[in-house]
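Before any comments, here is the structure.
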Protein chains: 2
Amino acid sequence: MADERPLRADAVRNRAKILDAARGQITRHGPEVSMDAIAEAAGVAVGTLYRHYPDKTALVGAVLAENMGQLAAFTEEADARVAAGADAMAELRGLIYAVIEQAARDAAVKAAAQRFGADFAGMAGEQRAEAALRRLIEAAKAGGELHPDVTIDDFIMLLATVPLDGPPQARARWLTLVMPGLTTAGRPRH
Amino acid sequence: MADERPLRADAVRNRAKILDAARGQITRHGPEVSMDAIAEAAGVAVGTLYRHYPDKTALVGAVLAENMGQLAAFTEEADARVAAGADAMAELRGLIYAVIEQAARDAAVKAAAQRFGADFAGMAGEQRAEAALRRLIEAAKAGGELHPDVTIDDFIMLLATVPLDGPPQARARWLTLVMPGLTTAGRPRH
DNA sequence: TATCATCATGAACCATGGTTCATCTTCATG
DNA sequence: CATGAAGATGAACCATGGTTCATGATGATA
């Protein structure tokens, strides 16, 4: 393994075009866009998709992995700021908002994730994102604002249920309604 | 219109079997079960499905309408109890829980609703459910426990985002996290 | 029970969409 | 530039699944 010889120049170019097109088309028309549609959007023939990805699941998975990477980057940045002295609860709140907005943009991509039950769990970025989020949560608890019984699974659950349709106001409102349950202010210990 | 002559006995029987089978199959195997699968589960030939429903969308819609009716019944019962003196906030909480559980059972049915963008909005039961819920909300606000800025749209939004996968504990936990944002206790006015 | 309108049957039809592969093109290396 | 390997092409293949319709069965009515 690892005897990967470098890709040809046009192959590199095409792979990028394909990923872009896939994300675009899936976002625009939902997860069941045809491979033909993606190919056309990428300015490439269908067969080329199959040269780069064994099947549709793999292609969707690649798009998903990209998103997860971005999400991990977000989380790590917030974590770094906290380490540098920023307020943990504020960063957590901001992170939630950022994640929500990204998720909303790629709502359809997320839907695609589910339709392809294929376990995308344990994806590269996921590990990183979770680690950083865990640190962030601990810091916010230490600050005394985040309710001590809140777990990372709570965050994952909530983030998985953000209302992705609707306008941005809907998500802002959702945040308003959900935050109190996470804070010591909204849900006093005993 | 309304010159409906009575259905033949076996037709009535079959229609019931079809609806049951449709709900069962959709719940079990997701919204994209084939018409053939539904037909087989109903012990009937495919053609019979099409005698009772013009197409798949209509069949799914019928299942959905049935669910909505049940939901409306729930809501009206709770509303009636409040009118008879029961605590509004407690009834509201109980209603949310009941709705959640029903929704979880028919998670796949709900998913079906979205996939068929077909506007099932304005369905029969929906009107009834909303009216009753509205009354319930007013009563709970009058009781002073429900936060005064909470609207029926807030409820609809939240109920639309309940975590339907996971075990019942997940939904209980979700309820714990979400309730404070709805109450005056968790989110003081100013 | 005879008659017929209603209903049920299910093989066949057709559209959609994922996937393959024989053929042609293009990059990289000498 | 010549050559071979890597890459791209896209028509064709095939499975799936919604839908139809000619044919046969059955409940209701006289």
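Note on naming: chains are A, B, ... as they come in the structure tokens, residues start from 1 per chain, ligands start from 1 in the order shown.
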Residues of chain A that have any atom at most 9 Å from an atom of chain C: could you tabulate them with the shortest-distance atom pair and the distance in Å to one decimal, using only C-alpha atoms (C1' of nucleotides), ordered by chain and increasing number, as CSV?
residue,atom,partner,partner_atom,distance
A:Arg8,CA,C:DC27,C1',6.7
A:Ala9,CA,C:DC27,C1',7.4
A:Asp10,CA,C:DC27,C1',7.9
A:Ser34,CA,C:DG17,C1',6.3
A:Met35,CA,C:DG18,C1',7.6
A:Asp36,CA,C:DG17,C1',8.4
A:Gly47,CA,C:DT20,C1',8.7
A:Tyr50,CA,C:DT19,C1',8.5
A:Asp55,CA,C:DT19,C1',8.2
A:Lys56,CA,C:DG18,C1',7.9
Interface list for chain D, partner chain B, 12 Å threshold, only C-alpha atoms (C1' of nucleotides), as a list in words: DT16, DG17, DG18, DT19, DT20, DC21, DT26, DG27 and DA28 of chain D
Output C-alpha atoms (C1' of nucleotides) for every residue in the selection just made, as a PDB file, in the first residue's frame.
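Dumped everything to out37.pdb:
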ATOM      1  C1'  DT D  16     -35.885  -1.163  -9.886  1.00  0.00           C
ATOM      2  C1'  DG D  17     -40.294   0.487  -9.394  1.00  0.00           C
ATOM      3  C1'  DG D  18     -44.463   3.156 -10.664  1.00  0.00           C
ATOM      4  C1'  DT D  19     -48.360   2.579 -13.653  1.00  0.00           C
ATOM      5  C1'  DT D  20     -51.726   0.497 -17.028  1.00  0.00           C
ATOM      6  C1'  DC D  21     -55.178  -2.517 -18.986  1.00  0.00           C
ATOM      7  C1'  DT D  26     -67.496 -11.459  -7.246  1.00  0.00           C
ATOM      8  C1'  DG D  27     -70.986  -8.943  -4.677  1.00  0.00           C
ATOM      9  C1'  DA D  28     -75.424  -6.761  -5.272  1.00  0.00           C
TER      10       DA D  28
END
Would you give me, as a PyMOL selection string, the residues of chain B that come within 9 Å of chain A, using only C-alpha atoms? chain B and resi 154+157-158+160-163+170+173-174+176-182+185-188
Helix (DSSP H, G or I) residues, from DSSP on the backbone, in range 14-139 of chain B, as an MDAnalysis selection string: chainID B and resid 14:29 35:42 46:52 56:83 88:105 107:115 124:139
For chain B fitted to chain A over all Cα atoms in order, what RMSD does a least-squares superposition give? 0.1 Å
Distance query range 73-89 of chain A at most 12 Å, only C-alpha atoms (C1' of nucleotides), self and fewer than 2 positions along chain excluded, as a PyMOL selection string: chain A and resi 66-71+91-102+124-147+179+182-184
